[in-house]
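Okay, structure first, notes after.
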Amino acid sequence: MNTASLDDALTDDHVQLDGLFRRVRTAVGLRDPAAESARSEFERRLMRHMSWEEEVLFPSLRAAQARYPEKKIESLVIDHARIREKLQELAEAIRGREWSAATPTVDDLWVLLEGHNRDEEKGVYTDADRLISEDERRRLVNSWITSSPR
């Protein structure tokens, strides 16, 4: 990983999150009670990822370019809210062993995440690497790495 690339660092986390989510999907498909621990780990990691973007990355992009297109960030924040809602629905369904509700919620969440990740990876992440100074990117990547729960 390039230690000055936010794109590399955050895309790598997307890959790891995708792996965790596959565990959730598999467990839900098997109606496995282990779905709860897989879901909990996935949610914890994803919530951290989204919070870091909202609290650190997005303000850094705004600071790097005063006229950064706010609609790009607003769209991602709206996605984050929808993802949080789906995470809550999924938690309730899995905890209640309501597998018939959990399955479509997992599918909906997967669709949301695929589109959202693509928007970030082809949008704000590459913008961050282009607009934020190398020194600041290194600082941000280090902040990301040191706050990582891995």
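Convention: chains lettered A, B, ... in structure tokens order; per-chain residue numbering from 1; ligands numbered from 1 as shown.
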
Interface rows for region 3-23 of chain A against region 32-47 of chain A: nearest pair, Å to one decimal, 7 Å, only C-alpha atoms, as a Markdown table:
| residue | atom | partner | partner_atom | distance |
| --- | --- | --- | --- | --- |
| A:Leu17 | CA | A:Phe42 | CA | 6.7 |
| A:Leu20 | CA | A:Phe42 | CA | 5.7 |
| A:Phe21 | CA | A:Phe42 | CA | 6.3 |
| A:Arg23 | CA | A:Ala38 | CA | 6.3 |

Can you write out the residues you just picked, keeping N, CA and C atoms, as a PDB file, in the first residue's frame?
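Writing done, so here's selection.pdb:
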ATOM      1  N   LEU A  17     -13.885  -5.367   4.389  1.00  0.00           N
ATOM      2  CA  LEU A  17     -15.297  -5.321   4.775  1.00  0.00           C
ATOM      3  C   LEU A  17     -16.134  -6.253   3.903  1.00  0.00           C
ATOM      4  N   LEU A  20     -15.818  -9.679   5.313  1.00  0.00           N
ATOM      5  CA  LEU A  20     -16.639  -9.833   6.519  1.00  0.00           C
ATOM      6  C   LEU A  20     -18.117  -9.960   6.154  1.00  0.00           C
ATOM      7  N   PHE A  21     -18.543  -9.169   5.173  1.00  0.00           N
ATOM      8  CA  PHE A  21     -19.956  -9.211   4.790  1.00  0.00           C
ATOM      9  C   PHE A  21     -20.312 -10.548   4.145  1.00  0.00           C
ATOM     10  N   ARG A  23     -19.186 -13.347   5.057  1.00  0.00           N
ATOM     11  CA  ARG A  23     -19.440 -14.236   6.201  1.00  0.00           C
ATOM     12  C   ARG A  23     -20.864 -14.051   6.722  1.00  0.00           C
TER      13      ARG A  23
END

Could you build a table of the residues in region 5-43 of chain A lying no more than 12 Å from region 51-69 of chain A, giving for each the nearest pair of atoms and their separation in Å rounded to one decimal place, using only C-alpha atoms, ordered by chain and ascending residue number, as a tab-separated table?
residue	atom	partner	partner_atom	distance
A:Leu6	CA	A:Leu57	CA	8.8
A:Asp7	CA	A:Leu57	CA	10.9
A:Ala9	CA	A:Leu57	CA	11.9
A:Leu10	CA	A:Glu53	CA	9.2
A:Asp13	CA	A:Trp52	CA	11.9
A:Glu43	CA	A:Ser51	CA	11.8

Quick one: write out the picked residues with N, CA and C atoms as a short mmCIF file (atom, residue, chain, number, x, y, z; two decimals), in the first residue's frame?
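Here's the written file part_10.cif:
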data_model
loop_
_atom_site.label_atom_id
_atom_site.label_comp_id
_atom_site.auth_asym_id
_atom_site.auth_seq_id
_atom_site.Cartn_x
_atom_site.Cartn_y
_atom_site.Cartn_z
N LEU A 6 -4.76 7.71 0.22
CA LEU A 6 -6.02 7.44 0.91
C LEU A 6 -6.84 6.44 0.11
N ASP A 7 -6.76 6.54 -1.20
CA ASP A 7 -7.48 5.60 -2.07
C ASP A 7 -7.05 4.17 -1.75
N ALA A 9 -5.58 2.96 1.01
CA ALA A 9 -5.92 2.57 2.38
C ALA A 9 -7.40 2.27 2.53
N LEU A 10 -8.25 3.13 2.00
CA LEU A 10 -9.69 2.96 2.20
C LEU A 10 -10.27 1.89 1.28
N ASP A 13 -9.66 -1.33 2.89
CA ASP A 13 -10.66 -1.60 3.93
C ASP A 13 -11.97 -2.08 3.32
N GLU A 43 -20.59 -4.83 11.35
CA GLU A 43 -21.18 -3.53 11.67
C GLU A 43 -20.17 -2.64 12.40
#

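Of the listed residues A:His80, A:Arg31, A:Arg118, A:Arg25, the one whose atoms come nearest to Arg97 (chain A) is A:Arg31, with distances taken using only C-alpha atoms.
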
Open item on the list: I'd like the neighbourhood of region 133-139 of chain A as number ranges by chain, where a residue qualifies if any of its atoms comes within 7 Å (using only C-alpha atoms), though same-chain residues fewer than 3 positions away should be ignored.
Closed with: A: 3-6, 142-143

Residues from the last selection, C-alpha atoms, saved as a PDB file, in the first residue's frame:
ATOM      1  CA  THR A   3       1.505   5.216   2.535  1.00  0.00           C
ATOM      2  CA  ALA A   4       0.438   8.497   0.945  1.00  0.00           C
ATOM      3  CA  SER A   5      -2.658   7.114  -0.776  1.00  0.00           C
ATOM      4  CA  LEU A   6      -6.023   7.440   0.907  1.00  0.00           C
ATOM      5  CA  ASN A 142      -1.343   7.211   9.431  1.00  0.00           C
ATOM      6  CA  SER A 143      -4.406   8.369  11.367  1.00  0.00           C
TER       7      SER A 143
END

- [ ] Go ahead and compute the interatomic distance for CA of Ala27 (chain A) and CA of Leu112 (chain A), in Å to one decimal.
- [x]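 Computing the Euclidean distance for CA of Ala27 (chain A) and CA of Leu112 (chain A) yields 19.4 Å.
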
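With CA of Ile94 (chain A) on one side and CA of Glu121 (chain A) on the other, the separation reads 29.8 Å.
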
Task: Nearest-residue call for Asp107 (chain A), choices A:Asp79, A:Leu87, A:Lys71, A:Ile145, using only C-alpha atoms - done: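 Result for the nearest residue to Asp107 (chain A): A:Leu87.
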
- [ ] Rounded to one decimal place, report the CA of Arg95 (chain A)-CA of Ser147 (chain A) distance in Å.
- [x] 28.5 Å

- [ ] as a PyMOL selection string, please: all residues of region 71-136 of chain A that backbone DSSP puts in alpha helix (DSSP H).
- [x] chain A and resi 71-95+99-119+125-131+134-136

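If you measure from each of A:Leu90, A:Leu109, A:Arg84, A:Thr11 to Gly123 (chain A) using only C-alpha atoms, the closest one turns out to be A:Thr11.
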